[in-house]
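Source file run32.cif; content: mmCIF, C-alpha atoms and all ligand atoms.
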```cif
data_data
#
loop_
_atom_site.label_atom_id
_atom_site.label_comp_id
_atom_site.auth_asym_id
_atom_site.auth_seq_id
_atom_site.Cartn_x
_atom_site.Cartn_y
_atom_site.Cartn_z
CA MET I 25 -0.96 49.27 -2.71
CA LYS I 26 -3.77 50.11 -0.27
CA LYS I 27 -4.66 53.36 -2.02
CA TYR I 28 -5.35 51.55 -5.31
CA ARG I 29 -8.66 50.06 -6.34
CA LEU I 30 -9.33 46.32 -6.60
CA GLU I 31 -8.61 45.97 -10.33
CA THR I 32 -5.25 47.67 -9.91
CA ARG I 33 -4.33 45.58 -6.88
CA ALA I 34 -5.37 42.41 -8.75
CA VAL I 35 -2.72 43.21 -11.36
CA HIS I 36 0.05 44.82 -9.30
CA ALA I 37 -0.03 43.58 -5.68
CA GLY I 38 2.85 41.19 -4.99
CA GLN I 39 4.17 41.80 -8.52
CA ARG I 40 7.60 43.36 -9.05
CA PRO I 41 10.34 43.00 -11.67
CA ASP I 42 12.87 40.26 -10.97
CA PRO I 43 15.92 42.01 -9.49
CA GLY I 44 18.35 39.71 -11.39
CA SER I 45 16.93 39.68 -14.92
CA GLY I 46 14.48 42.60 -14.90
CA ALA I 47 11.73 40.20 -16.02
CA ILE I 48 8.27 41.68 -15.54
CA ALA I 49 6.40 38.38 -15.49
CA PRO I 50 7.51 36.33 -12.47
CA GLY I 51 9.53 33.16 -12.91
CA ILE I 52 8.88 29.95 -11.01
CA THR I 53 11.24 28.90 -8.24
CA PHE I 54 11.05 25.12 -8.29
CA SER I 55 14.03 24.54 -6.00
CA THR I 56 13.20 22.86 -2.69
CA THR I 57 16.46 23.99 -1.08
CA PHE I 58 18.52 27.19 -0.96
CA LEU I 59 22.19 28.05 -0.55
CA ARG I 60 23.67 28.41 2.95
CA GLU I 61 26.60 30.72 3.67
CA THR I 62 29.81 29.46 5.30
CA ASP I 63 28.61 31.04 8.56
CA GLY I 64 25.41 28.97 8.38
CA SER I 65 23.12 31.86 7.39
CA TYR I 66 20.75 31.95 4.40
CA PRO I 67 21.70 35.04 2.33
CA SER I 68 18.53 34.89 0.18
CA GLY I 69 16.27 34.58 3.20
CA TYR I 70 15.06 31.18 1.93
CA SER I 71 16.14 27.82 3.34
CA TYR I 72 13.63 25.11 2.38
CA ALA I 73 10.55 25.16 0.15
CA ARG I 74 8.05 24.04 2.80
CA ALA I 75 9.18 26.92 5.03
CA ALA I 76 9.01 29.62 2.34
CA ASN I 77 9.10 30.06 -1.42
CA PRO I 78 9.21 33.30 -3.46
CA ASN I 79 6.12 32.44 -5.53
CA ARG I 80 4.12 31.69 -2.39
CA GLU I 81 5.20 34.92 -0.73
CA ARG I 82 4.17 37.01 -3.72
CA LEU I 83 0.86 35.20 -3.92
CA GLU I 84 0.14 35.73 -0.22
CA GLU I 85 0.86 39.43 -0.64
CA LYS I 86 -1.65 39.67 -3.50
CA LEU I 87 -4.32 37.66 -1.68
CA ALA I 88 -4.02 39.76 1.48
CA SER I 89 -4.28 42.90 -0.62
CA LEU I 90 -7.40 41.70 -2.49
CA GLU I 91 -9.30 40.98 0.74
CA GLY I 92 -7.99 44.13 2.42
CA GLY I 93 -6.31 41.98 5.07
CA ALA I 94 -3.08 42.37 7.01
CA ALA I 95 -1.69 38.96 6.05
CA ALA I 96 -2.50 35.80 4.10
CA VAL I 97 -1.35 32.20 4.41
CA ALA I 98 -1.68 29.97 1.34
CA PHE I 99 -2.45 26.24 1.43
CA SER I 100 -2.61 23.38 -1.03
CA SER I 101 -6.42 23.28 -0.91
CA GLY I 102 -9.40 25.10 0.50
CA SER I 103 -9.92 22.22 2.92
CA ALA I 104 -6.38 22.61 4.30
CA ALA I 105 -7.09 26.34 4.83
CA THR I 106 -10.36 25.51 6.60
CA LEU I 107 -8.59 23.01 8.84
CA ALA I 108 -5.96 25.62 9.74
CA VAL I 109 -8.74 27.84 11.10
CA PHE I 110 -10.40 25.01 13.02
CA SER I 111 -7.02 24.07 14.49
CA LEU I 112 -7.12 27.36 16.42
CA LEU I 113 -9.51 25.62 18.81
CA LYS I 114 -8.55 23.46 21.77
CA SER I 115 -10.23 20.53 23.45
CA GLY I 116 -13.34 21.74 25.30
CA ASP I 117 -13.94 24.68 22.91
CA GLU I 118 -17.07 24.93 20.80
CA ILE I 119 -17.52 25.92 17.16
CA LEU I 120 -20.81 27.35 15.97
CA ALA I 121 -20.88 26.42 12.30
CA CYS I 122 -23.20 27.59 9.56
CA ARG I 123 -25.64 24.70 9.01
CA ASP I 124 -25.52 25.30 5.24
CA SER I 125 -21.72 25.16 4.98
CA TYR I 126 -20.07 23.31 2.12
CA HIS I 127 -20.71 19.63 2.90
CA GLY I 128 -16.97 18.83 2.87
CA THR I 129 -16.43 21.43 5.61
CA LEU I 130 -19.17 19.85 7.74
CA GLN I 131 -17.58 16.43 7.19
CA GLN I 132 -14.19 17.82 8.24
CA LEU I 133 -15.75 19.25 11.40
CA ASP I 134 -17.47 15.97 12.28
CA ASP I 135 -14.79 13.49 11.26
CA ILE I 136 -11.59 15.35 12.21
CA VAL I 137 -12.21 18.38 14.43
CA GLY I 138 -14.77 16.55 16.60
CA ARG I 139 -12.11 13.96 17.47
CA TRP I 140 -9.91 16.70 18.95
CA GLY I 141 -12.43 17.21 21.74
CA VAL I 142 -13.92 20.29 20.10
CA THR I 143 -17.72 20.46 20.13
CA VAL I 144 -19.28 21.29 16.79
CA ARG I 145 -22.73 22.83 16.79
CA GLN I 146 -24.46 23.44 13.46
CA VAL I 147 -26.65 26.54 13.60
CA ASP I 148 -28.78 28.52 11.20
CA THR I 149 -26.44 31.47 10.72
CA THR I 150 -28.99 33.22 8.48
CA ASP I 151 -30.87 34.06 11.69
CA LEU I 152 -29.05 36.36 14.14
CA ALA I 153 -31.43 35.50 17.00
CA VAL I 154 -30.74 31.78 16.58
CA VAL I 155 -26.99 32.42 16.61
CA LYS I 156 -27.27 34.63 19.69
CA ASN I 157 -29.24 31.96 21.56
CA SER I 158 -26.75 29.27 20.56
CA ILE I 159 -23.71 30.99 22.04
CA GLY I 160 -22.53 29.13 25.13
CA PRO I 161 -19.72 29.55 27.67
CA ASN I 162 -17.30 27.43 25.59
CA SER I 163 -18.14 28.94 22.18
CA ARG I 164 -14.97 30.29 20.58
CA LEU I 165 -15.47 30.35 16.83
CA LEU I 166 -18.35 31.34 14.60
CA TRP I 167 -17.93 29.82 11.13
CA VAL I 168 -20.03 31.27 8.38
CA GLU I 169 -20.45 30.86 4.65
CA THR I 170 -22.43 33.35 2.55
CA PRO I 171 -24.00 32.95 0.03
CA THR I 172 -24.34 29.30 1.07
CA ASN I 173 -23.74 26.21 -1.01
CA PRO I 174 -26.01 25.19 -2.75
CA LEU I 175 -29.09 27.00 -1.41
CA LEU I 176 -27.60 30.52 -1.88
CA ARG I 177 -28.89 31.68 1.51
CA LEU I 178 -27.51 34.93 2.94
CA CYS I 179 -25.90 35.51 6.33
CA ASP I 180 -25.55 39.02 7.75
CA ILE I 181 -21.78 39.33 8.22
CA ALA I 182 -21.87 42.71 9.99
CA GLY I 183 -24.61 41.49 12.36
CA LEU I 184 -22.68 38.28 13.10
CA ALA I 185 -19.48 40.30 13.64
CA GLU I 186 -21.25 42.41 16.26
CA LEU I 187 -22.49 39.29 18.04
CA ALA I 188 -19.01 37.76 17.83
CA ARG I 189 -17.43 40.90 19.31
CA ASP I 190 -19.96 41.07 22.14
CA HIS I 191 -19.33 37.42 23.10
CA ASN I 192 -15.62 37.29 22.47
CA LEU I 193 -15.91 34.86 19.54
CA LEU I 194 -13.72 34.72 16.50
CA LEU I 195 -15.68 35.21 13.26
CA ALA I 196 -14.36 33.35 10.21
CA CYS I 197 -16.08 33.62 6.84
CA ASP I 198 -15.70 31.32 3.82
CA ASN I 199 -15.79 33.88 0.99
CA THR I 200 -15.33 31.36 -1.83
CA PHE I 201 -18.71 31.96 -3.52
CA ALA I 202 -18.65 35.77 -3.39
CA THR I 203 -14.91 36.41 -3.94
CA PRO I 204 -13.27 39.66 -2.80
CA VAL I 205 -14.68 41.28 -5.94
CA LEU I 206 -18.24 41.15 -4.57
CA GLN I 207 -17.90 40.90 -0.80
CA ASN I 208 -15.30 41.90 1.80
CA PRO I 209 -16.01 40.13 5.09
CA LEU I 210 -13.03 41.74 6.85
CA ALA I 211 -14.42 45.20 6.12
CA LEU I 212 -17.74 44.00 7.60
CA GLY I 213 -16.03 42.96 10.85
CA ALA I 214 -14.93 39.34 10.31
CA ASP I 215 -11.57 38.34 11.80
CA LEU I 216 -10.61 35.74 9.21
CA VAL I 217 -11.53 34.94 5.62
CA VAL I 218 -11.04 31.58 3.95
CA HIS I 219 -11.15 30.70 0.26
CA SER I 220 -11.02 27.58 -1.74
CA ALA I 221 -8.71 29.04 -4.41
CA THR I 222 -9.65 25.99 -6.49
CA LYS I 223 -12.77 27.96 -7.46
CA TYR I 224 -12.98 31.61 -8.62
CA LEU I 225 -9.50 32.68 -7.52
CA GLY I 226 -7.93 30.01 -9.73
CA GLY I 227 -10.79 30.45 -12.18
CA HIS I 228 -9.74 27.92 -14.82
CA SER I 229 -10.44 24.55 -13.13
CA ASP I 230 -6.76 23.63 -13.26
CA LEU I 231 -5.35 24.10 -9.76
CA THR I 232 -6.17 23.23 -6.16
CA GLY I 233 -5.48 25.81 -3.49
CA GLY I 234 -6.69 27.59 -0.39
CA VAL I 235 -5.95 30.64 1.71
CA VAL I 236 -6.57 32.09 5.16
CA ILE I 237 -6.55 35.90 5.32
CA SER I 238 -6.55 37.84 8.56
CA ALA I 239 -7.76 41.35 9.37
CA ALA I 240 -4.82 41.82 11.72
CA GLU I 241 -1.25 40.60 11.99
CA ASP I 242 -2.17 38.73 15.18
CA GLU I 243 -1.67 35.41 16.97
CA ASN I 244 -4.34 33.72 14.83
CA ILE I 245 -2.58 34.30 11.53
CA SER I 246 0.75 33.51 13.08
CA TRP I 247 -0.75 30.15 14.19
CA ALA I 248 -2.05 29.59 10.65
CA ARG I 249 1.47 30.24 9.34
CA ASP I 250 2.85 27.70 11.78
CA PHE I 251 0.16 25.21 10.77
CA GLN I 252 1.09 25.79 7.12
CA VAL I 253 4.79 25.08 7.64
CA LYS I 254 4.53 22.36 10.30
CA GLY I 255 1.39 20.74 8.89
CA GLY I 256 3.01 20.81 5.46
CA ALA I 257 -0.07 21.35 3.23
CA VAL I 258 1.79 23.99 1.19
CA PRO I 259 0.87 24.85 -2.41
CA SER I 260 3.47 24.04 -5.07
CA ALA I 261 5.47 26.88 -6.62
CA PHE I 262 3.76 26.19 -9.94
CA ASP I 263 0.27 26.39 -8.44
CA CYS I 264 1.23 29.68 -6.73
CA TRP I 265 2.42 31.03 -10.06
CA LEU I 266 -0.75 29.88 -11.86
CA LEU I 267 -2.93 31.42 -9.17
CA MET I 268 -1.00 34.67 -9.28
CA ARG I 269 -1.59 34.84 -13.02
CA SER I 270 -5.30 34.07 -12.64
CA LEU I 271 -5.87 36.72 -9.99
CA ALA I 272 -5.01 39.53 -12.40
CA THR I 273 -8.25 38.80 -14.28
CA LEU I 274 -10.40 37.92 -11.24
CA PRO I 275 -12.48 41.15 -11.29
CA LEU I 276 -13.11 40.83 -15.05
CA ARG I 277 -14.08 37.18 -14.83
CA VAL I 278 -16.32 37.48 -11.79
CA ARG I 279 -18.22 40.46 -13.18
CA ALA I 280 -18.74 38.77 -16.56
CA GLN I 281 -19.85 35.56 -14.84
CA SER I 282 -22.22 37.46 -12.54
CA GLU I 283 -23.80 39.28 -15.50
CA ASN I 284 -24.39 35.95 -17.22
CA ALA I 285 -25.81 34.46 -14.00
CA ALA I 286 -28.30 37.31 -13.59
CA ARG I 287 -29.55 36.78 -17.16
CA MET I 288 -29.74 33.02 -16.60
CA ALA I 289 -31.68 33.38 -13.34
CA GLU I 290 -34.30 35.59 -15.04
CA PHE I 291 -34.54 33.13 -17.94
CA LEU I 292 -35.05 30.16 -15.61
CA LEU I 293 -37.60 32.05 -13.51
CA ALA I 294 -39.69 32.68 -16.62
CA ASN I 295 -39.62 29.02 -17.77
CA ASP I 296 -42.64 26.91 -16.80
CA GLN I 297 -40.52 23.74 -16.54
CA VAL I 298 -38.65 25.36 -13.63
CA SER I 299 -40.41 25.29 -10.24
CA GLN I 300 -37.88 27.25 -8.17
CA VAL I 301 -34.83 29.46 -8.76
CA TYR I 302 -32.31 30.29 -6.02
CA TYR I 303 -30.31 33.41 -6.91
CA PRO I 304 -29.73 36.37 -4.54
CA GLY I 305 -30.03 38.81 -7.43
CA LEU I 306 -33.73 38.01 -7.90
CA ALA I 307 -36.06 40.42 -6.11
CA SER I 308 -38.06 37.38 -4.92
CA HIS I 309 -35.02 35.86 -3.14
CA PRO I 310 -35.42 36.09 0.66
CA GLY I 311 -31.84 37.37 1.02
CA HIS I 312 -32.06 39.89 -1.82
CA LYS I 313 -32.16 42.98 0.39
CA LEU I 314 -29.22 41.85 2.49
CA ALA I 315 -27.26 40.84 -0.62
CA SER I 316 -27.87 44.31 -2.08
CA THR I 317 -26.20 45.99 0.90
CA GLN I 318 -23.57 43.41 1.83
CA MET I 319 -22.38 42.53 -1.67
CA SER I 320 -21.47 44.69 -4.66
CA GLY I 321 -22.97 42.10 -7.04
CA TYR I 322 -24.96 38.89 -6.69
CA GLY I 323 -22.40 36.37 -7.88
CA ALA I 324 -22.36 33.65 -10.48
CA MET I 325 -23.76 30.69 -8.57
CA LEU I 326 -27.41 29.74 -8.87
CA SER I 327 -29.58 26.71 -8.23
CA PHE I 328 -32.95 25.72 -9.60
CA CYS I 329 -35.48 22.90 -9.46
CA THR I 330 -36.88 21.10 -12.46
CA GLY I 331 -38.96 17.91 -12.72
CA ASP I 332 -40.57 16.15 -9.79
CA ASN I 333 -37.64 14.05 -8.60
CA ALA I 334 -33.93 13.26 -8.95
CA ALA I 335 -34.45 11.04 -12.00
CA GLN I 336 -36.22 13.82 -13.91
CA ALA I 337 -33.59 16.38 -12.95
CA MET I 338 -30.87 13.94 -14.09
CA ALA I 339 -32.74 13.34 -17.38
CA PHE I 340 -32.64 17.11 -17.97
CA LEU I 341 -28.86 17.06 -17.38
CA ALA I 342 -28.47 14.32 -19.97
CA ARG I 343 -30.09 16.55 -22.63
CA LEU I 344 -27.57 19.39 -22.18
CA LYS I 345 -24.99 19.83 -24.94
CA LEU I 346 -22.94 22.87 -23.84
CA LEU I 347 -23.22 23.18 -20.07
CA VAL I 348 -20.76 20.71 -18.58
CA ARG I 349 -21.86 18.07 -16.07
CA ALA I 350 -19.20 18.26 -13.37
CA THR I 351 -18.68 19.21 -9.77
CA SER I 352 -16.77 22.29 -8.55
CA LEU I 353 -17.31 25.90 -9.53
CA GLY I 354 -15.77 29.25 -10.37
CA GLY I 355 -14.09 28.32 -13.66
CA VAL I 356 -14.53 30.07 -17.00
CA GLU I 357 -16.73 27.22 -18.23
CA THR I 358 -20.33 26.75 -17.06
CA LEU I 359 -20.70 23.68 -14.84
CA ILE I 360 -23.92 22.07 -13.69
CA GLU I 361 -24.57 19.35 -11.16
CA HIS I 362 -27.13 17.48 -9.11
CA ARG I 363 -26.15 18.37 -5.53
CA ALA I 364 -28.29 15.96 -3.48
CA SER I 365 -26.56 12.93 -5.00
CA ILE I 366 -23.10 14.32 -4.31
CA GLU I 367 -23.81 15.56 -0.77
CA GLY I 368 -25.39 12.35 0.53
CA PRO I 369 -28.18 11.73 3.04
CA ARG I 370 -27.62 14.89 5.13
CA THR I 371 -28.06 17.22 2.17
CA LEU I 372 -30.36 20.23 2.47
CA ALA I 373 -30.72 20.30 -1.33
CA PRO I 374 -34.08 19.21 -2.76
CA GLU I 375 -33.92 16.02 -4.87
CA ASN I 376 -34.83 17.88 -8.05
CA MET I 377 -32.34 20.72 -7.54
CA LEU I 378 -29.45 21.47 -9.88
CA ARG I 379 -26.64 23.94 -9.17
CA ILE I 380 -24.99 25.98 -11.88
CA SER I 381 -21.62 27.71 -11.75
CA VAL I 382 -22.03 30.21 -14.57
CA GLY I 383 -19.02 30.79 -16.81
CA ILE I 384 -17.96 33.47 -19.27
CA GLU I 385 -19.40 31.94 -22.46
CA ASN I 386 -21.82 33.95 -24.60
CA ILE I 387 -25.02 34.03 -22.58
CA ASN I 388 -27.23 33.37 -25.61
CA ASP I 389 -25.44 30.08 -26.25
CA LEU I 390 -25.94 29.06 -22.61
CA LEU I 391 -29.62 30.04 -22.64
CA GLY I 392 -30.11 28.22 -25.96
CA ASP I 393 -28.75 25.01 -24.46
CA LEU I 394 -30.95 25.32 -21.34
CA GLU I 395 -33.99 26.02 -23.52
CA GLN I 396 -33.54 22.97 -25.73
CA ALA I 397 -32.97 20.75 -22.69
CA LEU I 398 -35.99 22.09 -20.80
CA GLY I 399 -38.06 21.37 -23.94
C1 LIG M 401 -17.45 26.98 -0.32
C2 LIG M 401 -16.32 25.99 -0.30
N1 LIG M 401 -15.39 26.05 0.66
C3 LIG M 401 -14.35 25.17 0.71
C4 LIG M 401 -14.22 24.16 -0.22
C5 LIG M 401 -13.07 23.21 -0.13
O1 LIG M 401 -12.10 23.54 -1.09
P1 LIG M 401 -11.08 22.51 -1.77
O2 LIG M 401 -11.89 21.57 -2.62
O3 LIG M 401 -10.15 23.39 -2.52
O4 LIG M 401 -10.40 21.77 -0.67
C6 LIG M 401 -15.16 24.06 -1.25
C7 LIG M 401 -15.06 23.01 -2.27
O5 LIG M 401 -15.94 22.77 -3.03
C8 LIG M 401 -16.25 25.00 -1.29
O6 LIG M 401 -17.19 24.95 -2.25
#
```
Can you present the structure in this file as structure tokens?
Amino acid sequence: MKKYRLETRAVHAGQRPDPGSGAIAPGITFSTTFLRETDGSYPSGYSYARAANPNRERLEEKLASLEGGAAAVAFSSGSAATLAVFSLLKSGDEILACRDSYHGTLQQLDDIVGRWGVTVRQVDTTDLAVVKNSIGPNSRLLWVETPTNPLLRLCDIAGLAELARDHNLLLACDNTFATPVLQNPLALGADLVVHSATKYLGGHSDLTGGVVISAAEDENISWARDFQVKGGAVPSAFDCWLLMRSLATLPLRVRAQSENAARMAEFLLANDQVSQVYYPGLASHPGHKLASTQMSGYGAMLSFCTGDNAAQAMAFLARLKLLVRATSLGGVETLIEHRASIEGPRTLAPENMLRISVGIENINDLLGDLEQALG
């Protein structure tokens, strides 16, 4: 599959006709248990659903192929995938974590990983000098998210990878916002990539999933595989099947969403009720130059500020008729939300900031709704 381009791999990787029926579309193997031979062996290669399942295997093959990785391990949520990476560390080790990471990831680091005796240090990973100065004798993992959530700040993956190599750190990148369509952290030198498949990979707001993808078939991914099976946070066969189906259209969806987002960002920038727009595709964005080299498109997430405070931003939300007020992102429908109130007191989001996950609707309908609500 390696020789084929992304769109082709999105359709064909992990996909093959069923050897029994010849079916082109995969079936779903719901069974939790598999037949044992009289000699105790498992002729199909499967024994128990937590250990392995055909739908999961096919999905992992496709996900590894999309990120250009050697292997992928699928989980029942993005958070379970994140935890699998953090579980690589031992007591006494230190994680340098992107200060702007998804707030749930920072909570996981503080509330769970910190209790394992691992030190968690939040750093500004948008600044290579800051990262370099933060590296200590016990630092083992550099955790980065780019573009960040919800401020859409950019981190230089290749620069961080060089630092990580020089200091013997593992570099893991949460590629949920960019997707493999727009950014390939492994090609830029990262060791591991994580996704919340609940977002763009699933793409239809109807499944929860996660994945860890490794550049090499090494001890890290083999640990993640162990963590998957022994920890037990495995995705269901049905969710694997749904995800597999969604991935075929990932490049089409992400490009359509990104085109809509670019139009929306320009529209918001030109509106005098909007005081600030955060979108890496805008020439005025501080990470625009880096985004232009590191990404093949600017993505479909944007944030903006309107009104003077949270109440005024919320009042704007109440006037919307088409954009849907809800958390999460990456689905075909456009979602909008007030981040500060969901992230709590430690949020970096301004009080009057709203985040939009732009969908695939007709852009003129979306702009019309924003216009009437901005007044
Ligand atoms: C960037 C990012 N990473 C990870 C996660 C966690 O994923 P999940 O909700 O599937 O556990 C999220 C969830 O919003 C996210 O936005």
Point-to-point distance in Å for CA of Glu283 in chain I and CA of Val356 in chain I =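 Computing the Euclidean distance for CA of Val356 in chain I and CA of Glu283 in chain I yields 13.2 Å.
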Can you tell me which residues come within 9 Å of ligand LIG 401 (chain M) when counting only C-alpha atoms and all ligand atoms, ideally as a CSV table (one decimal) with C-alpha atoms, in the coordinates of the input?
```
chain,number,residue,atom,x,y,z
I,100,SER,CA,-2.6,23.4,-1.0
I,101,SER,CA,-6.4,23.3,-0.9
I,102,GLY,CA,-9.4,25.1,0.5
I,103,SER,CA,-9.9,22.2,2.9
I,104,ALA,CA,-6.4,22.6,4.3
I,105,ALA,CA,-7.1,26.3,4.8
I,106,THR,CA,-10.4,25.5,6.6
I,125,SER,CA,-21.7,25.2,5.0
I,126,TYR,CA,-20.1,23.3,2.1
I,127,HIS,CA,-20.7,19.6,2.9
I,128,GLY,CA,-17.0,18.8,2.9
I,129,THR,CA,-16.4,21.4,5.6
I,169,GLU,CA,-20.4,30.9,4.6
I,170,THR,CA,-22.4,33.4,2.6
I,171,PRO,CA,-24.0,33.0,0.0
I,172,THR,CA,-24.3,29.3,1.1
I,173,ASN,CA,-23.7,26.2,-1.0
I,174,PRO,CA,-26.0,25.2,-2.8
I,198,ASP,CA,-15.7,31.3,3.8
I,199,ASN,CA,-15.8,33.9,1.0
I,200,THR,CA,-15.3,31.4,-1.8
I,201,PHE,CA,-18.7,32.0,-3.5
I,218,VAL,CA,-11.0,31.6,4.0
I,219,HIS,CA,-11.2,30.7,0.3
I,220,SER,CA,-11.0,27.6,-1.7
I,221,ALA,CA,-8.7,29.0,-4.4
I,222,THR,CA,-9.6,26.0,-6.5
I,223,LYS,CA,-12.8,28.0,-7.5
I,231,LEU,CA,-5.4,24.1,-9.8
I,232,THR,CA,-6.2,23.2,-6.2
I,233,GLY,CA,-5.5,25.8,-3.5
I,234,GLY,CA,-6.7,27.6,-0.4
I,351,THR,CA,-18.7,19.2,-9.8
I,352,SER,CA,-16.8,22.3,-8.6
I,353,LEU,CA,-17.3,25.9,-9.5
```
If you measure from CA of Thr371 in chain I to CA of Leu152 in chain I, what distance in Å do you get, rounded to one decimal?
->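 Calculated distance between CA of Thr371 in chain I and CA of Leu152 in chain I is 22.6 Å.
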With a distance cut-off of 7 Å and all atoms listed in the file, select the neighbouring residues of Arg145 in chain I, excluding the residue or stretch itself and same-chain residues fewer than 6 positions from it, and output the selection as a ChimeraX atom specification.
-> /I:119-121
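Ranking I:Thr56, I:Ser282, I:Ser381, I:Asn244 by their shortest atom-to-atom distance to Ser327 in chain I, with only C-alpha atoms included, puts I:Ser381 first.
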Nearest to Ile387 in chain I, chosen from I:Pro43, I:Asn284, I:Gln207, I:Asp215, with only C-alpha atoms counted in the distances | I:Asn284
All file atoms of range 253-263 of chain I boxed axis-aligned, 5 Å per side, centre plus edges, as JSON:
```
{"center_x": 2.7, "center_y": 23.8, "center_z": 0.2, "size_x": 15.5, "size_y": 16.1, "size_z": 30.2}
```
Which residue of I:Leu394, I:Ala324, I:Ala202, I:Val155 approaches Cys122 in chain I most closely, using only C-alpha atoms | I:Val155
Return the single residue from I:Ala397, I:Leu193, I:Leu271, I:Leu225 that is closest to Ala37 in chain I, with distances computed using all atoms listed in the file.
->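 Using all atoms listed in the file, the shortest distance to Ala37 in chain I belongs to I:Leu271.
Using all atoms listed in the file for every distance, the candidate list I:Asp63, I:Leu130, I:Ala315, I:Arg123 yields I:Arg123 as the residue closest to Val154 in chain I.
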Give me the residues within 10 Å of Glu395 in chain I as a list in words, counting all atoms listed in the file and dropping any in the same chain fewer than 2 places off.
->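 Near Glu395 in chain I, the qualifying residues are Phe291, Leu292, Asn295, Gln297, Leu344, Asp389, Leu390, Leu391, Gly392, Asp393, Ala397, Leu398 and Gly399 of chain I.
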I need the chosen residues saved as a compact mmCIF listing (two decimals), keeping the file's coordinate frame, with C-alpha atoms.
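The result, stored in again.txt:
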```txt
# COMPACT_ATOMS: atom_id res chain seq x y z
CA PHE I 291 -34.54 33.13 -17.94
CA LEU I 292 -35.05 30.16 -15.61
CA ASN I 295 -39.62 29.02 -17.77
CA GLN I 297 -40.52 23.74 -16.54
CA LEU I 344 -27.57 19.39 -22.18
CA ASP I 389 -25.44 30.08 -26.25
CA LEU I 390 -25.94 29.06 -22.61
CA LEU I 391 -29.62 30.04 -22.64
CA GLY I 392 -30.11 28.22 -25.96
CA ASP I 393 -28.75 25.01 -24.46
CA ALA I 397 -32.97 20.75 -22.69
CA LEU I 398 -35.99 22.09 -20.80
CA GLY I 399 -38.06 21.37 -23.94
```
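Each of I:Pro161, I:Gly354, I:Gly321, I:Pro78 was checked against Gly51 in chain I using all atoms listed in the file; the smallest atom-to-atom distance is that of I:Pro78.
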Separation of CA of Met325 in chain I and CA of Ala285 in chain I, in Å?
->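 Distance reported for this atom pair: 6.9 Å.
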Selection: 10 Å around Arg60 in chain I, all atoms listed in the file, excl. self and same-chain fewer than 5 positions, as a ChimeraX atom specification = /I:65-71
Serialized selection, C-alpha atoms, as a PDB file, in the coordinates of the input:
```pdb
ATOM      1  CA  SER I  65      23.120  31.860   7.390  1.00  0.00           C
ATOM      2  CA  TYR I  66      20.750  31.950   4.400  1.00  0.00           C
ATOM      3  CA  PRO I  67      21.700  35.040   2.330  1.00  0.00           C
ATOM      4  CA  SER I  68      18.530  34.890   0.180  1.00  0.00           C
ATOM      5  CA  GLY I  69      16.270  34.580   3.200  1.00  0.00           C
ATOM      6  CA  TYR I  70      15.060  31.180   1.930  1.00  0.00           C
ATOM      7  CA  SER I  71      16.140  27.820   3.340  1.00  0.00           C
TER       8      SER I  71
END
```
For range 309-312 of chain I, work out the shell of residues within 12 Å, counting only C-alpha atoms and skipping chain neighbours fewer than 4 positions away, then give it as a ChimeraX atom specification.
-> /I:150-151,170-172,175-180,289-290,293,300-305,316-323,326-327
Go ahead and dump the residues you just picked, C-alpha atoms, as an mmCIF file, keeping the file's coordinate frame.
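Saved as part01.cif:
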```cif
data_model
loop_
_atom_site.group_PDB
_atom_site.id
_atom_site.type_symbol
_atom_site.label_atom_id
_atom_site.label_comp_id
_atom_site.auth_asym_id
_atom_site.auth_seq_id
_atom_site.Cartn_x
_atom_site.Cartn_y
_atom_site.Cartn_z
ATOM 1 C CA THR I 150 -28.990 33.220 8.480
ATOM 2 C CA ASP I 151 -30.870 34.060 11.690
ATOM 3 C CA THR I 170 -22.430 33.350 2.550
ATOM 4 C CA PRO I 171 -24.000 32.950 0.030
ATOM 5 C CA THR I 172 -24.340 29.300 1.070
ATOM 6 C CA LEU I 175 -29.090 27.000 -1.410
ATOM 7 C CA LEU I 176 -27.600 30.520 -1.880
ATOM 8 C CA ARG I 177 -28.890 31.680 1.510
ATOM 9 C CA LEU I 178 -27.510 34.930 2.940
ATOM 10 C CA CYS I 179 -25.900 35.510 6.330
ATOM 11 C CA ASP I 180 -25.550 39.020 7.750
ATOM 12 C CA ALA I 289 -31.680 33.380 -13.340
ATOM 13 C CA GLU I 290 -34.300 35.590 -15.040
ATOM 14 C CA LEU I 293 -37.600 32.050 -13.510
ATOM 15 C CA GLN I 300 -37.880 27.250 -8.170
ATOM 16 C CA VAL I 301 -34.830 29.460 -8.760
ATOM 17 C CA TYR I 302 -32.310 30.290 -6.020
ATOM 18 C CA TYR I 303 -30.310 33.410 -6.910
ATOM 19 C CA PRO I 304 -29.730 36.370 -4.540
ATOM 20 C CA GLY I 305 -30.030 38.810 -7.430
ATOM 21 C CA SER I 316 -27.870 44.310 -2.080
ATOM 22 C CA THR I 317 -26.200 45.990 0.900
ATOM 23 C CA GLN I 318 -23.570 43.410 1.830
ATOM 24 C CA MET I 319 -22.380 42.530 -1.670
ATOM 25 C CA SER I 320 -21.470 44.690 -4.660
ATOM 26 C CA GLY I 321 -22.970 42.100 -7.040
ATOM 27 C CA TYR I 322 -24.960 38.890 -6.690
ATOM 28 C CA GLY I 323 -22.400 36.370 -7.880
ATOM 29 C CA LEU I 326 -27.410 29.740 -8.870
ATOM 30 C CA SER I 327 -29.580 26.710 -8.230
#
```
Tell me, as a ChimeraX atom specification, which residues lie within 9 Å of Leu83 in chain I, counting only C-alpha atoms; anything in the same chain fewer than 6 positions away does not count.
-> /I:37-39,96,98,264-265,267-268
